[in-house]
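Participant: Data: final.txt, compact mmCIF, C-alpha atoms and all ligand atoms.
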```txt
# COMPACT_ATOMS: atom_id res chain seq x y z
CA MET A 12 11.04 15.22 9.30
CA ASP A 13 9.79 14.92 5.75
CA PRO A 14 6.20 15.92 5.06
CA LEU A 15 3.81 13.04 5.69
CA ILE A 16 2.91 10.82 2.76
CA ILE A 17 -0.61 9.46 3.19
CA THR A 18 -1.41 6.37 1.15
CA ALA A 19 -5.06 5.55 0.52
CA ALA A 20 -5.54 1.78 0.20
CA LEU A 21 -8.90 2.11 -1.46
CA VAL A 22 -10.07 -1.37 -2.44
CA GLY A 23 -7.96 -4.41 -1.50
CA ALA A 24 -8.85 -7.94 -2.48
CA GLU A 25 -10.74 -9.24 0.52
CA VAL A 26 -13.38 -6.66 1.47
CA THR A 27 -16.81 -7.01 -0.16
CA ARG A 28 -19.86 -4.81 -0.65
CA LYS A 29 -21.53 -6.99 1.97
CA ASP A 30 -18.92 -5.78 4.45
CA THR A 31 -19.39 -2.13 3.53
CA PRO A 32 -21.48 -0.28 0.95
CA HIS A 33 -18.66 2.27 0.65
CA LEU A 34 -16.23 -0.05 -1.15
CA PRO A 35 -15.39 1.18 -4.68
CA LEU A 36 -15.45 -1.58 -7.32
CA THR A 37 -15.46 -0.17 -10.87
CA PRO A 38 -12.60 1.85 -12.37
CA GLN A 39 -14.79 4.97 -12.17
CA GLU A 40 -15.72 4.39 -8.53
CA ILE A 41 -12.10 3.71 -7.59
CA ALA A 42 -10.97 6.87 -9.41
CA GLU A 43 -13.67 9.00 -7.76
CA GLN A 44 -12.61 7.81 -4.33
CA ALA A 45 -8.95 8.31 -5.21
CA ALA A 46 -9.72 11.93 -6.11
CA GLU A 47 -11.63 12.43 -2.85
CA ALA A 48 -8.76 10.91 -0.89
CA CYS A 49 -6.31 13.18 -2.74
CA GLU A 50 -8.39 16.20 -1.82
CA LYS A 51 -8.19 15.14 1.84
CA GLY A 52 -4.40 14.83 1.67
CA ALA A 53 -3.48 11.42 0.26
CA SER A 54 -0.62 11.47 -2.25
CA ILE A 55 -0.52 7.75 -3.11
CA ALA A 56 -3.43 5.59 -4.25
CA HIS A 57 -2.71 1.93 -3.54
CA ILE A 58 -5.07 0.09 -5.85
CA HIS A 59 -6.43 -3.35 -6.57
CA VAL A 60 -9.15 -3.87 -9.18
CA ARG A 61 -12.30 -5.98 -9.30
CA ASP A 62 -14.07 -7.76 -12.16
CA THR A 63 -17.67 -7.05 -13.12
CA GLU A 64 -18.85 -9.36 -10.34
CA GLY A 65 -16.74 -7.61 -7.74
CA HIS A 66 -14.20 -10.42 -7.46
CA PRO A 67 -10.51 -9.51 -7.08
CA SER A 68 -8.67 -9.36 -10.40
CA GLN A 69 -5.21 -8.44 -11.66
CA ASN A 70 -6.43 -7.86 -15.22
CA ARG A 71 -4.11 -5.48 -17.06
CA ASP A 72 -6.92 -3.71 -18.95
CA LEU A 73 -8.88 -3.06 -15.77
CA TYR A 74 -5.80 -1.56 -14.15
CA GLU A 75 -5.12 0.53 -17.23
CA GLU A 76 -8.65 1.88 -17.27
CA THR A 77 -8.51 2.63 -13.54
CA ILE A 78 -5.18 4.44 -13.80
CA LEU A 79 -6.48 6.54 -16.73
CA GLU A 80 -9.61 7.42 -14.75
CA ILE A 81 -7.50 8.46 -11.76
CA GLU A 82 -5.20 10.55 -13.97
CA LYS A 83 -8.24 12.39 -15.36
CA ARG A 84 -9.20 13.46 -11.85
CA CYS A 85 -6.00 14.02 -9.86
CA ASP A 86 -2.22 13.88 -9.82
CA MET A 87 -1.73 11.10 -7.26
CA ILE A 88 1.03 8.52 -7.41
CA VAL A 89 -0.69 5.29 -8.43
CA GLN A 90 0.72 2.25 -6.72
CA VAL A 91 -0.58 -1.01 -8.18
CA SER A 92 -0.80 -4.17 -6.15
CA THR A 93 1.29 -7.15 -7.13
CA GLY A 94 -0.06 -9.05 -4.14
CA GLY A 95 -3.46 -9.46 -5.71
CA ALA A 96 -5.43 -12.07 -3.79
CA VAL A 97 -4.34 -15.24 -2.03
CA GLY A 98 -4.08 -18.11 -4.54
CA MET A 99 -3.22 -16.07 -7.65
CA THR A 100 -0.16 -17.08 -9.70
CA PRO A 101 2.88 -14.77 -9.99
CA GLU A 102 2.14 -14.23 -13.71
CA GLU A 103 -1.42 -13.19 -12.91
CA ARG A 104 -0.27 -10.86 -10.14
CA LEU A 105 2.41 -9.19 -12.27
CA GLN A 106 0.10 -8.02 -15.08
CA PRO A 107 -0.31 -4.36 -13.97
CA VAL A 108 3.45 -3.87 -13.72
CA THR A 109 3.66 -4.03 -17.52
CA LEU A 110 1.82 -0.67 -17.56
CA SER A 111 4.92 0.92 -15.94
CA PRO A 112 2.98 2.61 -13.14
CA GLU A 113 4.93 4.91 -10.83
CA MET A 114 4.91 2.36 -8.00
CA ALA A 115 4.02 -1.26 -7.26
CA THR A 116 4.04 -3.38 -4.15
CA LEU A 117 6.58 -6.14 -3.64
CA THR A 118 6.01 -8.63 -0.82
CA THR A 119 9.23 -10.27 0.31
CA GLY A 120 8.05 -13.46 1.98
CA SER A 121 5.19 -15.83 2.65
CA VAL A 122 2.75 -15.34 5.49
CA ASN A 123 -0.37 -17.01 6.81
CA PHE A 124 -3.13 -14.61 5.83
CA GLY A 125 -6.21 -15.30 7.91
CA HIS A 126 -7.20 -18.83 6.91
CA GLY A 127 -5.19 -18.72 3.67
CA VAL A 128 -1.49 -18.56 2.84
CA PHE A 129 -0.08 -15.57 0.97
CA TYR A 130 2.63 -17.50 -0.85
CA ASN A 131 5.83 -15.82 -2.08
CA SER A 132 8.77 -18.18 -2.61
CA HIS A 133 12.24 -16.68 -2.96
CA ALA A 134 12.23 -17.48 -6.68
CA ASP A 135 8.86 -15.71 -7.05
CA ILE A 136 10.14 -12.68 -5.14
CA GLN A 137 13.17 -12.48 -7.44
CA GLN A 138 10.85 -12.67 -10.46
CA PHE A 139 8.67 -9.85 -9.08
CA ALA A 140 11.71 -7.67 -8.33
CA ALA A 141 13.24 -8.27 -11.78
CA THR A 142 9.95 -7.40 -13.48
CA LEU A 143 9.57 -4.16 -11.51
CA GLN A 144 13.15 -3.29 -12.40
CA LYS A 145 12.53 -4.04 -16.10
CA TYR A 146 9.50 -1.74 -16.21
CA GLN A 147 11.24 0.91 -14.03
CA VAL A 148 8.64 0.82 -11.30
CA ARG A 149 9.52 2.01 -7.77
CA PRO A 150 8.84 -0.90 -5.39
CA GLU A 151 7.18 -0.54 -2.04
CA PHE A 152 8.26 -3.53 0.02
CA GLU A 153 5.20 -4.99 1.76
CA ILE A 154 6.42 -6.33 5.08
CA PHE A 155 4.02 -8.64 6.90
CA ASP A 156 6.61 -10.17 9.23
CA THR A 157 10.10 -9.35 10.52
CA GLY A 158 12.15 -11.67 8.29
CA MET A 159 10.78 -9.97 5.19
CA VAL A 160 12.95 -6.88 5.81
CA GLN A 161 16.16 -8.89 5.43
CA THR A 162 14.84 -10.59 2.30
CA ALA A 163 14.08 -7.17 0.83
CA LEU A 164 17.64 -6.07 1.57
CA SER A 165 18.99 -9.27 -0.03
CA LEU A 166 17.32 -8.21 -3.30
CA VAL A 167 19.35 -5.00 -3.20
CA LYS A 168 22.56 -7.04 -2.74
CA GLU A 169 21.54 -9.25 -5.66
CA GLY A 170 21.08 -6.17 -7.86
CA LEU A 171 17.36 -6.83 -8.36
CA VAL A 172 16.30 -3.60 -6.64
CA ASP A 173 18.09 -0.31 -7.05
CA GLY A 174 17.57 3.30 -6.07
CA HIS A 175 15.53 4.55 -3.15
CA LEU A 176 14.17 1.95 -0.70
CA HIS A 177 10.63 2.32 0.66
CA PHE A 178 8.96 -0.11 3.03
CA ASP A 179 5.36 -0.58 4.14
CA PHE A 180 4.92 -2.37 7.47
CA VAL A 181 1.54 -4.07 7.41
CA LEU A 182 0.72 -4.83 11.02
CA GLY A 183 -1.98 -6.95 12.55
CA VAL A 184 -2.83 -9.37 9.73
CA PRO A 185 -3.85 -12.62 11.47
CA GLY A 186 -0.74 -14.76 10.90
CA GLY A 187 1.60 -11.76 10.52
CA ILE A 188 3.40 -9.38 12.84
CA PRO A 189 1.25 -7.89 15.63
CA ALA A 190 0.24 -4.22 15.54
CA ASP A 191 2.08 -2.63 18.43
CA ALA A 192 4.89 -0.15 18.98
CA ARG A 193 7.54 -2.73 19.91
CA HIS A 194 7.10 -4.72 16.71
CA LEU A 195 7.03 -1.60 14.56
CA LEU A 196 10.28 -0.33 16.08
CA LEU A 197 11.91 -3.73 15.67
CA MET A 198 11.41 -3.41 11.93
CA VAL A 199 12.21 0.29 11.62
CA ASP A 200 15.52 -0.42 13.37
CA GLN A 201 16.52 -2.86 10.62
CA LEU A 202 16.28 -0.27 7.83
CA PRO A 203 19.41 1.12 6.19
CA ALA A 204 20.12 4.87 6.29
CA GLY A 205 18.05 6.82 3.79
CA ALA A 206 15.22 4.28 3.53
CA THR A 207 11.67 5.51 4.15
CA TRP A 208 8.72 3.63 5.61
CA THR A 209 4.97 3.64 5.94
CA VAL A 210 2.85 1.96 8.56
CA ALA A 211 -0.41 0.24 7.68
CA ALA A 212 -2.35 -1.54 10.39
CA VAL A 213 -5.46 -3.63 10.25
CA GLY A 214 -8.84 -2.81 11.78
CA ARG A 215 -8.91 -0.96 15.10
CA HIS A 216 -5.09 -0.80 15.08
CA GLN A 217 -5.09 1.59 12.14
CA LEU A 218 -5.66 4.75 14.20
CA PRO A 219 -3.07 4.27 16.99
CA MET A 220 -0.43 2.99 14.57
CA SER A 221 -1.07 6.00 12.31
CA ALA A 222 -0.37 8.31 15.25
CA LEU A 223 2.85 6.42 15.89
CA GLY A 224 3.87 6.62 12.24
CA ILE A 225 3.33 10.37 12.23
CA THR A 226 5.35 10.98 15.40
CA LEU A 227 8.21 8.60 14.53
CA GLY A 228 8.84 10.22 11.14
CA GLY A 229 7.33 7.43 9.07
CA HIS A 230 4.43 7.71 6.65
CA VAL A 231 0.88 6.39 6.98
CA ARG A 232 -1.47 4.17 4.99
CA VAL A 233 -5.19 4.05 5.70
CA GLY A 234 -8.24 2.93 3.75
CA LEU A 235 -10.94 0.33 3.40
CA GLU A 236 -8.49 -2.36 2.26
CA ASP A 237 -7.21 -2.49 5.85
CA ASN A 238 -10.03 -1.14 7.98
CA LEU A 239 -13.80 -0.86 7.59
CA TYR A 240 -14.64 1.21 10.65
CA TYR A 241 -14.12 4.84 11.59
CA ARG A 242 -14.85 3.86 15.17
CA LYS A 243 -16.63 0.92 16.80
CA GLY A 244 -19.99 0.42 15.09
CA GLU A 245 -19.52 3.26 12.58
CA LEU A 246 -18.49 2.42 9.02
CA ALA A 247 -15.72 4.52 7.48
CA THR A 248 -15.21 5.81 3.98
CA ASN A 249 -11.81 6.10 2.32
CA ALA A 250 -12.14 9.89 2.46
CA SER A 251 -13.05 9.96 6.16
CA LEU A 252 -10.04 7.80 7.09
CA VAL A 253 -7.64 10.00 5.11
CA ALA A 254 -9.18 13.19 6.52
CA ARG A 255 -8.66 11.91 10.06
CA VAL A 256 -4.94 11.25 9.49
CA ASN A 257 -4.65 14.70 7.97
CA ARG A 258 -6.18 16.28 11.10
CA LEU A 259 -4.04 14.16 13.39
CA ALA A 260 -0.88 15.20 11.53
CA LYS A 261 -1.88 18.87 11.74
CA GLU A 262 -2.35 18.57 15.51
CA LEU A 263 1.07 16.93 15.75
CA GLU A 264 2.55 19.67 13.53
CA ARG A 265 3.64 17.35 10.74
CA PRO A 266 2.99 18.86 7.31
CA ILE A 267 1.26 16.75 4.67
CA ALA A 268 3.11 15.86 1.44
CA THR A 269 1.60 16.86 -1.87
CA PRO A 270 1.94 14.23 -4.62
CA GLU A 271 4.85 16.26 -6.00
CA GLU A 272 6.59 16.26 -2.60
CA ALA A 273 5.89 12.54 -2.23
CA ARG A 274 7.60 11.91 -5.58
CA LYS A 275 10.66 13.81 -4.31
CA ILE A 276 10.77 11.86 -1.05
CA LEU A 277 10.45 8.54 -2.90
CA HIS A 278 12.81 9.58 -5.73
CA ILE A 279 10.18 9.00 -8.40
CA ASN A 280 10.69 10.93 -11.63
CA LYS A 281 7.39 11.42 -13.36
N1 LIG B 1 -4.41 -9.20 -0.72
C1 LIG B 1 -3.24 -9.68 -0.05
C2 LIG B 1 -3.14 -11.18 -0.17
C3 LIG B 1 -0.45 -6.06 -1.92
O1 LIG B 1 -1.37 -5.34 -2.28
O2 LIG B 1 0.63 -6.11 -2.49
C4 LIG B 1 -1.98 -9.07 -0.54
C5 LIG B 1 -1.95 -7.60 -0.64
C6 LIG B 1 -0.61 -6.99 -0.74
O3 LIG B 1 -2.94 -6.91 -0.64
ZN ZN B 2 -3.07 -4.29 -1.34
```
Show the structure stored in the file as structure tokens.

Facilitator:
Amino acid sequence: MDPLIITAALVGAEVTRKDTPHLPLTPQEIAEQAAEACEKGASIAHIHVRDTEGHPSQNRDLYEETILEIEKRCDMIVQVSTGGAVGMTPEERLQPVTLSPEMATLTTGSVNFGHGVFYNSHADIQQFAATLQKYQVRPEFEIFDTGMVQTALSLVKEGLVDGHLHFDFVLGVPGGIPADARHLLLMVDQLPAGATWTVAAVGRHQLPMSALGITLGGHVRVGLEDNLYYRKGELATNASLVARVNRLAKELERPIATPEEARKILHINK
């Protein structure tokens, strides 16, 4: 098995400071928490940014500042969100891709997202894929439901995605695929040879699904974007969630990938 890539999903678009005082909001805060997560074993920082009022934003300058702040502190792979927040236009969501970051997310379908709809028409998905390709950004397919795997593979057939294929199965979003072993395996089984995958699960599902990801040879994403609590009634920090996966992997004798090893696994040339 490859060493374990831990992704720290530090911010997201939905969590607020009212939900947890530990949420980073400014470029400096996000970068500080990225560096802490890196120290605990994370090799990818999945980032969103917030405006001065803490609202979700896809502003190019804010992303640029955040990436520069992260680069000052650590050597993590920065993966920008192209999902942004529900209701944003494709043009708005695509802004950070023009910075040519090492990675960006690419959601390959629409899904009910709590009380909203995370809308991604096929034409939008093609536009996202073509833009990532133009700026030479390694996509991470964000899979919220089973059909999205086949749509991702259709982009490869259409020539809109090339090179190594990496998937992130986001389990347990209300409206999306449930967070359990059967549903995870259903999606892993659809992947072509050589593809890699990460599991991200929402809320209390994050811990058991992380253990499954480690033992099945996948990779793991944790962080406040997906889960606020370390355990029932106890708020987590990004660093504490990453540190726990690191310990779990050590107990299960799976080595942790450095950022350099993660780049090799994902075929990213820095
Ligand atoms: N905030 C969600 C609507 C991504 O980062 O690409 C979408 C999301 C996925 O978070
Ligand atoms: Zn995200």

Participant: Nearest residue to ligand LIG 1 (chain B) out of A:Thr116, A:Gln44, A:Thr100, A:Gln137, using only C-alpha atoms and all ligand atoms?

Facilitator: A:Thr116

Participant: Which residue is closest to ligand ZN 2 (chain B)? Choose from A:Gly234, A:Glu80, A:Glu47, A:Lys168 and count only C-alpha atoms and all ligand atoms.

Facilitator: A:Gly234

Participant: Show which residues sit within 8 Å of Val233 (chain A), as a VMD selection string. Count only C-alpha atoms, and ignore same-chain residues fewer than 4 positions away.

Facilitator: chain A and resid 17 to 20 211 to 212 217 237 to 238 249 252 to 253

Participant: Let me make sure I understand: among A:Ile16, A:Val122, A:Leu239, A:Val26, which one has the smallest atom-to-atom distance to ligand ZN 2 (chain B) if we use all atoms listed in the file?

Facilitator: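 Checking each of A:Ile16, A:Val122, A:Leu239, A:Val26 against ligand ZN 2 (chain B), counting all atoms listed in the file, the winner is A:Val26.
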
Participant: Hey, which residues sit close to ligand LIG 1 (chain B)? Say within 10 Å, counting only C-alpha atoms and all ligand atoms, and write them as an NGL selection string.

Facilitator: :A and (20 or 22-26 or 57-59 or 67 or 90-99 or 104 or 115-119 or 121-125 or 127-130 or 151-155 or 179 or 181 or 184 or 236-237)

Participant: Please compute the CA of Val199 (chain A)-CA of Gly174 (chain A) distance, one decimal, in Å.

Facilitator: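 That distance, rounded to one decimal, is 18.7 Å.
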
Participant: For ligand ZN 2 (chain B), which of A:His194, A:Thr142, A:Asp156, A:Arg232 is the closest residue, counting only C-alpha atoms and all ligand atoms?

Facilitator: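 Between A:His194, A:Thr142, A:Asp156, A:Arg232, the residue approaching ligand ZN 2 (chain B) most closely is A:Arg232.
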
Participant: Any idea what the distance is between CA of Thr157 (chain A) and CA of Asp200 (chain A)?

Facilitator: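 Pair CA of Thr157 (chain A) / CA of Asp200 (chain A) returns 10.8 Å.
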
Participant: For Ala247 (chain A), which of A:Leu21, A:Ile55, A:Ala192, A:Leu15 is the closest residue, counting all atoms listed in the file?

Facilitator: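 Closest residue, counting all atoms listed in the file: A:Leu21.
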
Participant: Do a neighbour search on Leu110 (chain A) at 8 Å with all atoms listed in the file, toss out local chain neighbours closer than 2 positions, and write the hits as a VMD selection string.

Facilitator: chain A and resid 71 75 106 to 108 112 146

Participant: For ligand ZN 2 (chain B), which of A:Leu34, A:Ala56, A:Met12, A:Val167 is the closest residue, counting only C-alpha atoms and all ligand atoms?

Facilitator: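 Comparing A:Leu34, A:Ala56, A:Met12, A:Val167 against ligand ZN 2 (chain B), the winner is A:Ala56.
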
Participant: State, in Å with one decimal place, the distance from CA of Thr209 (chain A) to CA of Lys29 (chain A).

Facilitator: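 These atoms are spaced 28.8 Å apart.
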
Participant: For region 263-278 of chain A, find every residue with an atom within 7 Å (counting all atoms listed in the file), except residues of its own chain fewer than 2 positions away, and show them as a PyMOL selection string.

Facilitator: chain A and resi 14-16+52+54+86-88+175+259-261+280
